[in-house]
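Q: For reference, the structure I am asking about is given below.
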Amino acid sequence: MTNELKNILKTLVLILGVVSALLLSAPNARPAWPQQAREQSPPQLPWMKASMVKLEGELIQKYGEGERARLARGLPQAAKFWRAADGGASAFEDFVRSNFAGNPATLDTLFNRFEHNMEQLDGHMHEIAREFSNQTDLDLGPILPFDEAFAGYDPAAHVVDDSFQNKLAFTVLLNFPLTTLEERLTQGEKWSRRQWAEARLAQRYAKRVPAEVNLAIARAEAEAGRYISQYNIWMHHLVDANGTRLFPPRLRLLSHWNLRDEIKADYRDAEQGLAKQRMIQRVMERIVTQTIPATVIDNPDFDWDPYTDEVKLAAVKDAEGGAATRKTPSAAALNAPEPDARYAQLLNVFRASKKLDPYSPTAPTLIARRFDEDREIPEARVKAMLEQVLSSPLVAEVATLIEARLGRPLEPFDIYYDGFRPRGDYTEAQLNASVAQKYPTAEAYKQDIPNLLMHLGFSRERAEYLASNIIVDPARGSGHAMGAEMRSEKAHLRTRVEKDGMNYKGLNIAVHEMGHNVEQILSLNMVDHTLLEGVPNTAFTEALAFVFQDRDLELLGLAQPDPKNRALKTLGDFWATYEISGTALVDMQVWHWMYDHPDATPAQLKAAVLRIAQEVWNKYYAPVFKKRDVVLLAIYSHMIEARLYLPDYPIGHLIAFQIGEQMEKAGNIGSEFERMATTGRVVPDLWMMKATGKPVGAEALLAAARKALSEVSEQAAGSAP
Ligand SMILES: [Zn+2]
């Protein structure tokens with residue numbers, strides 16, 4: 001970084017600090033983002049105001065009063081992002097004079113040219129990235145070091161910077177409105193499709209972020225990601241007071257995902273499952289409270305009793321540990337706790353994210369960027385939906401059902417209960433045999449795509465069109481779908497076929513990915529504006545793919561699970577949504593706390609996270625679990641490195657139920673899928689209104705859970721001796 005840049009950054013951070021201090025000192029100050037936005041922007045150039053006044057007068061003189069409103073919006077938008085390096089007053093004035101589209105015909109031409117060229121830009125960049133990743137993504141033999149470098153290269157990384165430098169971004173900002181989420185929500189319903197496309201075009205340039213800031217964020221995220229990815233617990237080295245080892249040798253579980261999944265798997269261990277689950281809960285609590293001894297993290301050289309926190313040199317050796325490369329601590333330091341590293345990482349990520357705030361005038365906090373830009377559902381609405389699930393009376397009813405199934409009172413780790421797994425009507429071997437016979441090769445699956453789509457209700461013509469736009473590739477991993485970004489390109493379905501044919505798991509994934517492909521093709525090729533290509537956010541993408549995946553047995557010509565199994569699956573989804581909703585609330589509150597206390601120490605952040613996790617627990621879980629002050633809701637690893645990502649999970653569940661409910665109601669999946677997928681990338685509520693008649697909400701999930709609960713209890717009553 002040059003000294004000049006450093007100074008600019010310092011000044012900006014200083015200004016931001018003063019602004020936030022002012023805001024924080026106001027009683028009960030809650031950020032009102034759109035208004036606050038304008039004040040947080042970097043300072044304008046001294047000559048800018050005079051230039052703007054001059055240009056406004058000149059251009060109205062030239063194009064007429066009718067252009068006043070557009071100028072009043074466009075001029076300040078362009079001015080806000082103009083830096084000294086972009087040119088002096090005369091450069092700015094010349095630019096505006098020659099690039100303001102002052103009559104409808106020029107504006108149309110400008111819009112059409114941008115729409116076409118942006119599709120070409122995105123499409124070809126995506127094409128390069130896809131081709132460069134072929135060797136790592138596809139089953140094509142060894143990956144050499146340079147293949148990794150190709151795969152890691154993002155040709156589009158500097159596109160936005162370049163667009164500010166060559167001033168195409170300023171042309172857009174001068175002519176099309178940069179909107180806030182509030183405007184898109186309150187006025188979007190009345191906008192024409194062209195207006196929506198204009199809004200999306202302008203949003204591409206809603207921020208101008210210095211490379212240093214992006215780099216700082218990427219570094220902090222990568223560092224936190226590394227911290228999380230090495231946070232393993234060696235399970236055979238967990239011992240209880242009697243020295244019992246509950247877990248098998250060499251079992252190494254990554255926090256928290258593998259630990260959580262082990263709790264789930266332990267429901268099927270009748271003998272030691274409960275003891276294992278309790279011990280894992282204790283480990284999770286030690287991690288959250290940072291009372292875990294630093295020596296036992298990812299280290300099989302020590303035995304640890306998570307109840308007493310006693311650490312000893314390992315009495316058994318089951319793996320090559322880090323001892324050779326590590327200093328063995330003195331006896332006194334053996335159980336020295338991890339020094340709040342978890343919270344230091346989170347603070348680093350927060351501080352790096354905050355550096356971007358001054359360059360993002362329409363969403364000037366990470367919280368606003370997540371909700372207003374990525375999700376496009378206001379935070380207050382998301383919070384209300386999560387609380388609606390958490391405080392639903394159905395929670396207590398499902399909890400009672402779980403207790404009956406477990407034959408014991410609930411314990412805190414039962415937030416991960418997954419015993420509602422439906423009993424399959426077919427064995428895995430039966431399913432594998434059917435699939436392998438039908439699809440011995442990837443080519444056989446490809447040939448069958450039109451039939452599969454017709455089976456789902458697409459017309460022959462549409463099914464053939466869709467199939468002709470899907471290229472099937474052999475995946476190196478389990479499979480994925482890669483859509484195109486321009487209409488002249490095709491979507492790619494990456495699927496895995498073993499030597500003895502496709503197995504059931506492979507089919508299940510292939511059908512899911514095919515759902516993605518169909519959505520990708522419809523929402524790119526058949527949407528009216530390519531600037532509106534896609535769906536509102538990833539929750540929608542996934543929900544649509546699950547519509548296909550849920551019907552995989554049907555596509556195989558086998559019967560779907562019976563209603564009881566479906567009801568059990570719904571209850572499982574409901575319980576998972578209940579768990580993750582509380583976790584998401586904690587994530588949200590923690591980010592607010594960090595914005596309110598930007599200078600906190602890791603220890604202070606830890607205290608705040610523990611308090612927040614306990615408060616959410618005490619409010620929504622303690623009444624059901626009959627235990628207070630549990631901190632488990634703070635264990636989710638994404639909370640540390642994924643920057644307020646967690647609310648996406650519960651929102652995804654809610655959206656999946658809404659779309660699923662509508663598909664059932666409509667009957668014909670094909671036409672309904674097409675109707676939904678061609679709406680394009682408007683805000684989620686508008687999309688959902690058009691798709692189902694209601695905005696995004698929790699009602700569909702709650703209705704399905706209510707129905708499932710009554711079906712399951714009826715069945716239980718009916719089958720009682
Ligand atoms: Zn998916």
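Labels for the structure tokens follow display order: chains A, B, ..., residues from 1 in each chain, ligands from 1.
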Hey, which residues sit close to ligand 1? Say within 8 Å, counting only C-alpha atoms and all ligand atoms, and write them as a ChimeraX atom specification.
A: /A:480-481,512-513,516,541-542,545-546
Q: Go ahead and save the picked residues with all heavy atoms, as a JSON list (two decimals), in the first residue's frame.
A:
```
[["chain", "number", "residue", "atom", "x", "y", "z"],
["A", 480, "HIS", "N", -22.00, -31.53, -9.16],
["A", 480, "HIS", "CA", -22.51, -30.17, -8.99],
["A", 480, "HIS", "C", -23.09, -29.67, -10.30],
["A", 480, "HIS", "O", -22.91, -30.30, -11.34],
["A", 480, "HIS", "CB", -21.43, -29.22, -8.45],
["A", 480, "HIS", "CG", -20.24, -29.08, -9.35],
["A", 480, "HIS", "ND1", -19.15, -29.92, -9.27],
["A", 480, "HIS", "CD2", -19.96, -28.23, -10.35],
["A", 480, "HIS", "CE1", -18.25, -29.57, -10.17],
["A", 480, "HIS", "NE2", -18.72, -28.55, -10.86],
["A", 481, "ALA", "N", -23.79, -28.57, -10.22],
["A", 481, "ALA", "CA", -24.38, -27.98, -11.41],
["A", 481, "ALA", "C", -23.70, -26.65, -11.68],
["A", 481, "ALA", "O", -23.48, -25.87, -10.76],
["A", 481, "ALA", "CB", -25.87, -27.75, -11.20],
["A", 512, "HIS", "N", -30.91, -33.67, -8.16],
["A", 512, "HIS", "CA", -30.82, -32.36, -7.51],
["A", 512, "HIS", "C", -30.11, -31.36, -8.44],
["A", 512, "HIS", "O", -30.60, -30.26, -8.69],
["A", 512, "HIS", "CB", -30.06, -32.49, -6.19],
["A", 512, "HIS", "CG", -29.80, -31.20, -5.48],
["A", 512, "HIS", "ND1", -30.62, -30.73, -4.47],
["A", 512, "HIS", "CD2", -28.83, -30.27, -5.63],
["A", 512, "HIS", "CE1", -30.14, -29.57, -4.04],
["A", 512, "HIS", "NE2", -29.06, -29.26, -4.72],
["A", 513, "GLU", "N", -28.97, -31.77, -8.97],
["A", 513, "GLU", "CA", -28.19, -30.87, -9.83],
["A", 513, "GLU", "C", -28.93, -30.58, -11.13],
["A", 513, "GLU", "O", -28.84, -29.47, -11.67],
["A", 513, "GLU", "CB", -26.80, -31.46, -10.12],
["A", 513, "GLU", "CG", -25.97, -31.84, -8.89],
["A", 513, "GLU", "CD", -25.76, -30.70, -7.90],
["A", 513, "GLU", "OE1", -25.92, -29.54, -8.28],
["A", 513, "GLU", "OE2", -25.46, -30.99, -6.72],
["A", 516, "HIS", "N", -31.11, -27.77, -10.51],
["A", 516, "HIS", "CA", -30.36, -26.51, -10.63],
["A", 516, "HIS", "C", -30.21, -26.11, -12.09],
["A", 516, "HIS", "O", -30.42, -24.97, -12.48],
["A", 516, "HIS", "CB", -28.95, -26.67, -10.04],
["A", 516, "HIS", "CG", -28.90, -26.57, -8.54],
["A", 516, "HIS", "ND1", -29.53, -25.57, -7.84],
["A", 516, "HIS", "CD2", -28.27, -27.33, -7.61],
["A", 516, "HIS", "CE1", -29.29, -25.73, -6.55],
["A", 516, "HIS", "NE2", -28.54, -26.80, -6.38],
["A", 541, "THR", "N", -32.52, -21.02, -5.16],
["A", 541, "THR", "CA", -31.88, -22.02, -6.02],
["A", 541, "THR", "C", -32.02, -23.40, -5.41],
["A", 541, "THR", "O", -32.39, -24.36, -6.08],
["A", 541, "THR", "CB", -30.37, -21.72, -6.13],
["A", 541, "THR", "OG1", -30.19, -20.32, -6.22],
["A", 541, "THR", "CG2", -29.75, -22.40, -7.29],
["A", 542, "GLU", "N", -31.69, -23.49, -4.12],
["A", 542, "GLU", "CA", -31.72, -24.78, -3.46],
["A", 542, "GLU", "C", -33.14, -25.32, -3.34],
["A", 542, "GLU", "O", -33.40, -26.49, -3.56],
["A", 542, "GLU", "CB", -31.06, -24.70, -2.07],
["A", 542, "GLU", "CG", -29.57, -24.44, -2.11],
["A", 542, "GLU", "CD", -28.80, -25.46, -2.95],
["A", 542, "GLU", "OE1", -29.18, -26.63, -3.00],
["A", 542, "GLU", "OE2", -27.82, -25.05, -3.59],
["A", 545, "ALA", "N", -34.15, -26.84, -6.54],
["A", 545, "ALA", "CA", -33.46, -28.11, -6.81],
["A", 545, "ALA", "C", -34.06, -29.24, -5.96],
["A", 545, "ALA", "O", -34.16, -30.38, -6.42],
["A", 545, "ALA", "CB", -31.96, -27.97, -6.53],
["A", 546, "PHE", "N", -34.50, -28.91, -4.74],
["A", 546, "PHE", "CA", -35.09, -29.94, -3.88],
["A", 546, "PHE", "C", -36.43, -30.43, -4.41],
["A", 546, "PHE", "O", -36.83, -31.56, -4.15],
["A", 546, "PHE", "CB", -35.22, -29.44, -2.43],
["A", 546, "PHE", "CG", -33.92, -29.53, -1.68],
["A", 546, "PHE", "CD1", -33.29, -28.40, -1.19],
["A", 546, "PHE", "CD2", -33.32, -30.76, -1.48],
["A", 546, "PHE", "CE1", -32.08, -28.48, -0.53],
["A", 546, "PHE", "CE2", -32.10, -30.86, -0.81],
["A", 546, "PHE", "CZ", -31.49, -29.71, -0.33]]
```
Q: Per residue of segment 203-261 of chain A within 10 Å of segment 339-360 of chain A, note the shortest atom pair and the distance in Å to one decimal, counting only C-alpha atoms, and order the rows by chain and increasing residue number, as a Markdown table.
A:
```
| residue | atom | partner | partner_atom | distance |
| --- | --- | --- | --- | --- |
| A:Tyr205 | CA | A:Ser360 | CA | 9.6 |
| A:Ala206 | CA | A:Ser360 | CA | 6.5 |
| A:Lys207 | CA | A:Ser360 | CA | 4.7 |
| A:Arg208 | CA | A:Tyr359 | CA | 5.8 |
| A:Val209 | CA | A:Tyr359 | CA | 5.7 |
| A:Pro210 | CA | A:Tyr359 | CA | 8.2 |
| A:Glu212 | CA | A:Lys355 | CA | 9.5 |
| A:Val213 | CA | A:Leu356 | CA | 6.2 |
| A:Asn214 | CA | A:Leu356 | CA | 7.7 |
| A:Leu215 | CA | A:Ala352 | CA | 9.1 |
| A:Ala216 | CA | A:Ala352 | CA | 5.8 |
| A:Ile217 | CA | A:Ala352 | CA | 4.9 |
| A:Ala218 | CA | A:Ala352 | CA | 8.5 |
| A:Arg219 | CA | A:Ala352 | CA | 8.6 |
| A:Ala220 | CA | A:Val349 | CA | 5.2 |
| A:Glu221 | CA | A:Val349 | CA | 6.0 |
| A:Ala222 | CA | A:Val349 | CA | 9.3 |
| A:Glu223 | CA | A:Gln345 | CA | 7.7 |
| A:Ala224 | CA | A:Gln345 | CA | 5.5 |
| A:Gly225 | CA | A:Gln345 | CA | 9.2 |
| A:Tyr227 | CA | A:Gln345 | CA | 7.9 |
| A:Ile228 | CA | A:Arg342 | CA | 8.6 |
```
Q: Could you name the residues that touch Ala197 of chain A at 8 Å or less, counting only C-alpha atoms, but leaving out those on the same chain fewer than 4 positions away, as a PyMOL selection string?
A: chain A and resi 193+201+529+531-532
Q: Output all heavy atoms of each residue in that selection to a file, as a PDB file, in the first residue's frame.
A:
```pdb
ATOM      1  N   ARG A 193     -40.551  -4.066 -15.718  1.00  0.00           N
ATOM      2  CA  ARG A 193     -39.437  -5.018 -15.783  1.00  0.00           C
ATOM      3  C   ARG A 193     -38.145  -4.287 -16.177  1.00  0.00           C
ATOM      4  O   ARG A 193     -37.075  -4.594 -15.690  1.00  0.00           O
ATOM      5  CB  ARG A 193     -39.762  -6.125 -16.786  1.00  0.00           C
ATOM      6  CG  ARG A 193     -40.951  -6.973 -16.368  1.00  0.00           C
ATOM      7  CD  ARG A 193     -40.632  -7.908 -15.242  1.00  0.00           C
ATOM      8  NE  ARG A 193     -39.707  -8.948 -15.652  1.00  0.00           N
ATOM      9  CZ  ARG A 193     -39.218  -9.862 -14.816  1.00  0.00           C
ATOM     10  NH1 ARG A 193     -39.546  -9.836 -13.521  1.00  0.00           N
ATOM     11  NH2 ARG A 193     -38.386 -10.777 -15.249  1.00  0.00           N
ATOM     12  N   LEU A 201     -28.709  -3.254 -12.889  1.00  0.00           N
ATOM     13  CA  LEU A 201     -27.509  -2.759 -13.577  1.00  0.00           C
ATOM     14  C   LEU A 201     -26.757  -1.781 -12.667  1.00  0.00           C
ATOM     15  O   LEU A 201     -25.545  -1.894 -12.467  1.00  0.00           O
ATOM     16  CB  LEU A 201     -27.911  -2.083 -14.890  1.00  0.00           C
ATOM     17  CG  LEU A 201     -26.796  -1.380 -15.675  1.00  0.00           C
ATOM     18  CD1 LEU A 201     -25.672  -2.340 -16.042  1.00  0.00           C
ATOM     19  CD2 LEU A 201     -27.362  -0.721 -16.948  1.00  0.00           C
ATOM     20  N   HIS A 529     -35.252 -10.059 -19.384  1.00  0.00           N
ATOM     21  CA  HIS A 529     -34.023  -9.246 -19.391  1.00  0.00           C
ATOM     22  C   HIS A 529     -32.881 -10.061 -18.800  1.00  0.00           C
ATOM     23  O   HIS A 529     -33.005 -10.549 -17.681  1.00  0.00           O
ATOM     24  CB  HIS A 529     -34.205  -7.989 -18.536  1.00  0.00           C
ATOM     25  CG  HIS A 529     -35.018  -6.920 -19.192  1.00  0.00           C
ATOM     26  ND1 HIS A 529     -34.524  -6.149 -20.212  1.00  0.00           N
ATOM     27  CD2 HIS A 529     -36.288  -6.517 -18.988  1.00  0.00           C
ATOM     28  CE1 HIS A 529     -35.454  -5.284 -20.608  1.00  0.00           C
ATOM     29  NE2 HIS A 529     -36.542  -5.492 -19.884  1.00  0.00           N
ATOM     30  N   LEU A 531     -30.315  -8.940 -17.553  1.00  0.00           N
ATOM     31  CA  LEU A 531     -29.871  -8.288 -16.317  1.00  0.00           C
ATOM     32  C   LEU A 531     -30.634  -8.829 -15.109  1.00  0.00           C
ATOM     33  O   LEU A 531     -30.233  -8.635 -13.978  1.00  0.00           O
ATOM     34  CB  LEU A 531     -30.047  -6.764 -16.417  1.00  0.00           C
ATOM     35  CG  LEU A 531     -29.037  -6.028 -17.310  1.00  0.00           C
ATOM     36  CD1 LEU A 531     -29.488  -4.601 -17.563  1.00  0.00           C
ATOM     37  CD2 LEU A 531     -27.639  -6.030 -16.673  1.00  0.00           C
ATOM     38  N   LEU A 532     -31.772  -9.494 -15.366  1.00  0.00           N
ATOM     39  CA  LEU A 532     -32.562 -10.075 -14.274  1.00  0.00           C
ATOM     40  C   LEU A 532     -32.353 -11.580 -14.175  1.00  0.00           C
ATOM     41  O   LEU A 532     -33.100 -12.274 -13.479  1.00  0.00           O
ATOM     42  CB  LEU A 532     -34.049  -9.762 -14.481  1.00  0.00           C
ATOM     43  CG  LEU A 532     -34.430  -8.290 -14.365  1.00  0.00           C
ATOM     44  CD1 LEU A 532     -35.910  -8.094 -14.675  1.00  0.00           C
ATOM     45  CD2 LEU A 532     -34.126  -7.779 -12.969  1.00  0.00           C
TER      46      LEU A 532
END
```
Q: Using only C-alpha atoms, which of A:Ala157, A:Met526, A:Ala467, A:Ala275 sits nearest Asp448 of chain A?
A: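 The answer is A:Ala467, which sits nearest to Asp448 of chain A.
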Q: Ranking A:Gly424, A:Pro177, A:Gly66, A:Gly582 by minimum distance to Tyr649 of chain A and counting only C-alpha atoms, which one comes first?
A: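 Nearest to Tyr649 of chain A: A:Gly582.
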